[in-house]
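Working notes, structure below.
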Amino acid sequence: MIIPFQYEHAANFWNGLAYITRFTDENAYEGVINEKGDLILPMEYEKLYIQHPYNYAIVQKKGKYGIITLDEQVILPLEMDHIETFGYDQLFECTQNQKIGIYEVKSGKFIIPMELDRIDESFIVDTKPVYEYYIFIKNELQAMVKYQNGIITFLTDYIYDHIDHIGMSENRVMVMMNDLWGATDVDGKLIIPCQYDWIHHMGNGKIKAKKNGREYILDLNGTVLE
């Protein structure tokens, strides 16, 4: 017997650490032990998520979230309403008072201020090379953002009423400004001006659009074919 029976729940070990849980009438509290059974983080957190291979963790205590090291040094105070990872690096999507920002552990600061209303993960895919795309929403306007290797790059400013982050095809992304539709490429460059009542892909290099009661067939650069 290495570790006696003393916990109501225990997870598998990973990188030499395991989550353990105790229950009360009101809540469940998590902590962390090593393979010798030594307590690394006390069982006083409502939620706990270790960031491997880094020696810190997202924790929740008394309803508030923060980030601490495994020796309980505070990286980000437990003042947030919610924290989750952003991408796969040392970036975290933080929510406070219904506003969202992105905190970078490496620099110890918010690289995106706490001013966003929402972040939508996008299905836009650029295969040369592969990036992750996000739609940032601030004051009801949307911006297209590219994420790669821990770096966030704004491809557009907050200028669009809506960015169709699902309907991308043939290197074109449908965007709406002032209630009219157009299209950008996947780098955010406006290719088809926002002048149509609606617009959608037809495939095979063609786009269908409507303006002033008439329907048009366009090529991918917005030239009218029919």
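Residue numbers start at 1 in each chain; chains themselves are named A, B, ... in the order of the structure tokens; ligands are numbered from 1 in the order shown.
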Excluding Arg22 in chain A and residues on its chain fewer than 3 positions from it, collect all residues at most 12 Å away from it, counting only C-alpha atoms, and give them as a compact mmCIF listing (two decimals) with C-alpha atoms, in the first residue's frame.
# COMPACT_ATOMS: atom_id res chain seq x y z
CA GLN A 6 -8.60 8.31 2.62
CA TYR A 7 -10.20 10.14 -0.31
CA GLU A 8 -13.77 10.00 -1.60
CA HIS A 9 -12.46 10.23 -5.15
CA ALA A 10 -9.08 10.16 -6.92
CA TYR A 19 -6.47 15.07 -8.36
CA ASP A 25 -22.93 18.52 2.35
CA GLU A 26 -22.64 21.68 0.25
CA ASN A 27 -19.80 21.08 -2.18
CA ALA A 28 -16.90 18.99 -3.44
CA TYR A 29 -13.34 20.21 -2.91
CA GLU A 30 -10.34 19.20 -5.00
CA GLY A 31 -6.63 19.03 -4.25
CA VAL A 32 -3.49 17.48 -5.74
CA PRO A 42 -4.79 21.39 -0.36
CA MET A 43 -8.34 20.13 -0.81
CA GLU A 44 -9.98 23.54 -0.67
CA TYR A 45 -10.72 24.36 -4.32
CA GLU A 46 -14.13 23.94 -5.91
CA LYS A 47 -12.46 23.43 -9.30
Considering only C-alpha atoms, return as a count of residues only whatever protein or nucleic-acid residues lie within 12 Å of Glu121 in chain A, sequence-local ones (same chain, fewer than 6 positions apart) excluded.
17
May I have the residues within 6 Å of range 185-200 of chain A as a VMD selection string, using only C-alpha atoms and disregarding those fewer than 3 positions away in the same chain?
chain A and resid 155 to 156 171 to 173 180 to 182 207 to 211 221 to 222
Where does DSSP see strand (DSSP E) in chain A, if you list the residues as a PyMOL selection string?
chain A and resi 9-10+17-23+28-34+39-45+47-51+56-61+64-69+74-80+82-85+91-96+99-104+109-116+118-121+132-138+141-148+151-154+162-163+173-177+180-184+190-196+198-203+206-211+214-219
Write out the residues from the selection above, keeping C-alpha atoms, as a short mmCIF file (atom, residue, chain, number, x, y, z; two decimals), in the first residue's frame.
data_model
loop_
_atom_site.label_atom_id
_atom_site.label_comp_id
_atom_site.auth_asym_id
_atom_site.auth_seq_id
_atom_site.Cartn_x
_atom_site.Cartn_y
_atom_site.Cartn_z
CA HIS A 9 -12.46 10.23 -5.15
CA ALA A 10 -9.08 10.16 -6.92
CA LEU A 17 0.33 14.23 -9.97
CA ALA A 18 -3.28 13.23 -9.31
CA TYR A 19 -6.47 15.07 -8.36
CA ILE A 20 -8.12 14.01 -5.12
CA THR A 21 -11.56 15.04 -3.84
CA ARG A 22 -13.40 15.36 -0.55
CA PHE A 23 -17.12 15.97 -0.24
CA ALA A 28 -16.90 18.99 -3.44
CA TYR A 29 -13.34 20.21 -2.91
CA GLU A 30 -10.34 19.20 -5.00
CA GLY A 31 -6.63 19.03 -4.25
CA VAL A 32 -3.49 17.48 -5.74
CA ILE A 33 -1.10 14.81 -4.44
CA ASN A 34 2.16 13.39 -5.79
CA LEU A 39 -0.36 16.94 -0.60
CA ILE A 40 0.78 19.40 -3.29
CA LEU A 41 -2.35 21.57 -3.29
CA PRO A 42 -4.79 21.39 -0.36
CA MET A 43 -8.34 20.13 -0.81
CA GLU A 44 -9.98 23.54 -0.67
CA TYR A 45 -10.72 24.36 -4.32
CA LYS A 47 -12.46 23.43 -9.30
CA LEU A 48 -8.84 22.76 -10.15
CA TYR A 49 -7.14 22.22 -13.49
CA ILE A 50 -3.35 21.79 -13.76
CA GLN A 51 -1.67 23.23 -16.85
CA TYR A 56 0.51 26.18 -12.39
CA ALA A 57 -3.21 25.60 -12.26
CA ILE A 58 -6.57 27.25 -12.86
CA VAL A 59 -8.47 27.16 -9.57
CA GLN A 60 -11.87 28.19 -8.27
CA LYS A 61 -12.42 29.17 -4.64
CA LYS A 64 -14.04 33.03 -8.05
CA TYR A 65 -11.34 31.85 -10.46
CA GLY A 66 -7.60 32.56 -10.55
CA ILE A 67 -4.27 31.02 -11.56
CA ILE A 68 -1.73 29.78 -9.00
CA THR A 69 1.57 27.89 -9.02
CA VAL A 74 -0.66 33.66 -7.03
CA ILE A 75 -0.18 34.33 -10.75
CA LEU A 76 -3.63 35.83 -11.37
CA PRO A 77 -5.70 36.70 -8.27
CA LEU A 78 -8.90 34.77 -7.62
CA GLU A 79 -11.12 37.60 -8.83
CA MET A 80 -12.44 36.27 -12.14
CA HIS A 82 -14.53 32.31 -15.10
CA ILE A 83 -11.22 31.24 -16.66
CA GLU A 84 -10.56 28.75 -19.46
CA THR A 85 -7.62 28.02 -21.71
CA LEU A 91 -3.07 32.07 -22.77
CA PHE A 92 -6.30 32.18 -20.80
CA GLU A 93 -9.74 33.52 -21.63
CA CYS A 94 -10.92 35.38 -18.52
CA THR A 95 -14.40 36.68 -17.73
CA GLN A 96 -15.23 39.36 -15.19
CA LYS A 99 -16.52 41.22 -20.08
CA ILE A 100 -13.81 38.98 -21.55
CA GLY A 101 -10.04 39.43 -21.93
CA ILE A 102 -7.06 37.19 -22.67
CA TYR A 103 -4.31 36.84 -20.07
CA GLU A 104 -0.78 35.68 -20.93
CA LYS A 109 -0.52 40.80 -18.37
CA PHE A 110 -3.72 40.92 -20.38
CA ILE A 111 -2.75 40.96 -24.06
CA ILE A 112 -6.44 41.48 -24.94
CA PRO A 113 -8.06 43.92 -22.47
CA MET A 114 -11.17 42.99 -20.51
CA GLU A 115 -13.52 44.63 -23.00
CA LEU A 116 -14.89 41.86 -25.22
CA ARG A 118 -17.91 37.39 -26.62
CA ILE A 119 -15.35 35.20 -28.39
CA ASP A 120 -16.57 32.75 -31.04
CA GLU A 121 -14.31 29.95 -32.20
CA GLU A 132 -6.98 28.85 -35.81
CA TYR A 133 -9.46 31.65 -36.37
CA TYR A 134 -11.65 33.43 -33.84
CA ILE A 135 -14.30 36.12 -34.02
CA PHE A 136 -13.91 38.77 -31.30
CA ILE A 137 -17.06 40.78 -30.50
CA LYS A 138 -16.85 44.20 -28.84
CA LEU A 141 -19.10 44.77 -33.71
CA GLN A 142 -16.96 41.85 -34.85
CA ALA A 143 -13.30 41.41 -35.79
CA MET A 144 -11.59 38.44 -37.47
CA VAL A 145 -8.59 37.16 -35.52
CA LYS A 146 -5.91 34.62 -36.39
CA TYR A 147 -4.15 32.55 -33.72
CA GLN A 148 -0.94 30.56 -34.19
CA ILE A 151 0.36 34.82 -31.20
CA ILE A 152 -2.95 36.64 -31.76
CA THR A 153 -3.15 38.70 -34.96
CA PHE A 154 -6.08 40.95 -35.84
CA HIS A 162 -21.49 39.84 -38.58
CA ILE A 163 -18.74 37.51 -39.83
CA VAL A 173 -15.54 34.65 -45.80
CA MET A 174 -18.95 36.32 -45.91
CA VAL A 175 -19.12 39.56 -43.88
CA MET A 176 -21.87 42.09 -43.14
CA MET A 177 -21.45 45.83 -42.59
CA LEU A 180 -25.19 44.74 -46.34
CA TRP A 181 -23.07 41.73 -47.29
CA GLY A 182 -19.72 41.28 -48.98
CA ALA A 183 -16.72 38.95 -48.68
CA THR A 184 -13.12 38.94 -47.47
CA LEU A 190 -12.09 42.87 -48.34
CA ILE A 191 -12.55 41.33 -51.81
CA ILE A 192 -16.24 41.95 -52.49
CA PRO A 193 -17.57 45.27 -51.08
CA CYS A 194 -20.47 45.12 -48.63
CA GLN A 195 -23.25 46.16 -51.01
CA TYR A 196 -25.55 43.13 -51.32
CA TRP A 198 -27.52 38.74 -49.12
CA ILE A 199 -24.69 36.63 -50.48
CA HIS A 200 -23.69 32.96 -50.37
CA HIS A 201 -21.35 30.48 -52.03
CA MET A 202 -22.45 28.33 -54.92
CA GLY A 203 -19.17 26.43 -55.23
CA LYS A 206 -19.19 31.23 -58.05
CA ILE A 207 -21.06 33.34 -55.53
CA LYS A 208 -24.76 34.22 -55.61
CA ALA A 209 -25.90 37.64 -54.37
CA LYS A 210 -28.93 39.92 -54.37
CA LYS A 211 -29.10 43.72 -54.59
CA ARG A 214 -32.03 41.60 -58.63
CA GLU A 215 -29.96 38.44 -58.26
CA TYR A 216 -26.41 38.13 -59.53
CA ILE A 217 -23.85 35.41 -60.13
CA LEU A 218 -20.37 36.66 -59.20
CA ASP A 219 -16.92 35.15 -59.44
#
Looking at A:Tyr160, A:Glu72, A:Ser169, A:Gly37, which one is nearest to Met1 in chain A, with distances taken over only C-alpha atoms?
A:Gly37
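You will find CA of Tyr54 in chain A at 27.1 Å from CA of Ser122 in chain A.
Here CA of Glu35 in chain A stands at a distance of 5.7 Å from CA of Gly16 in chain A.
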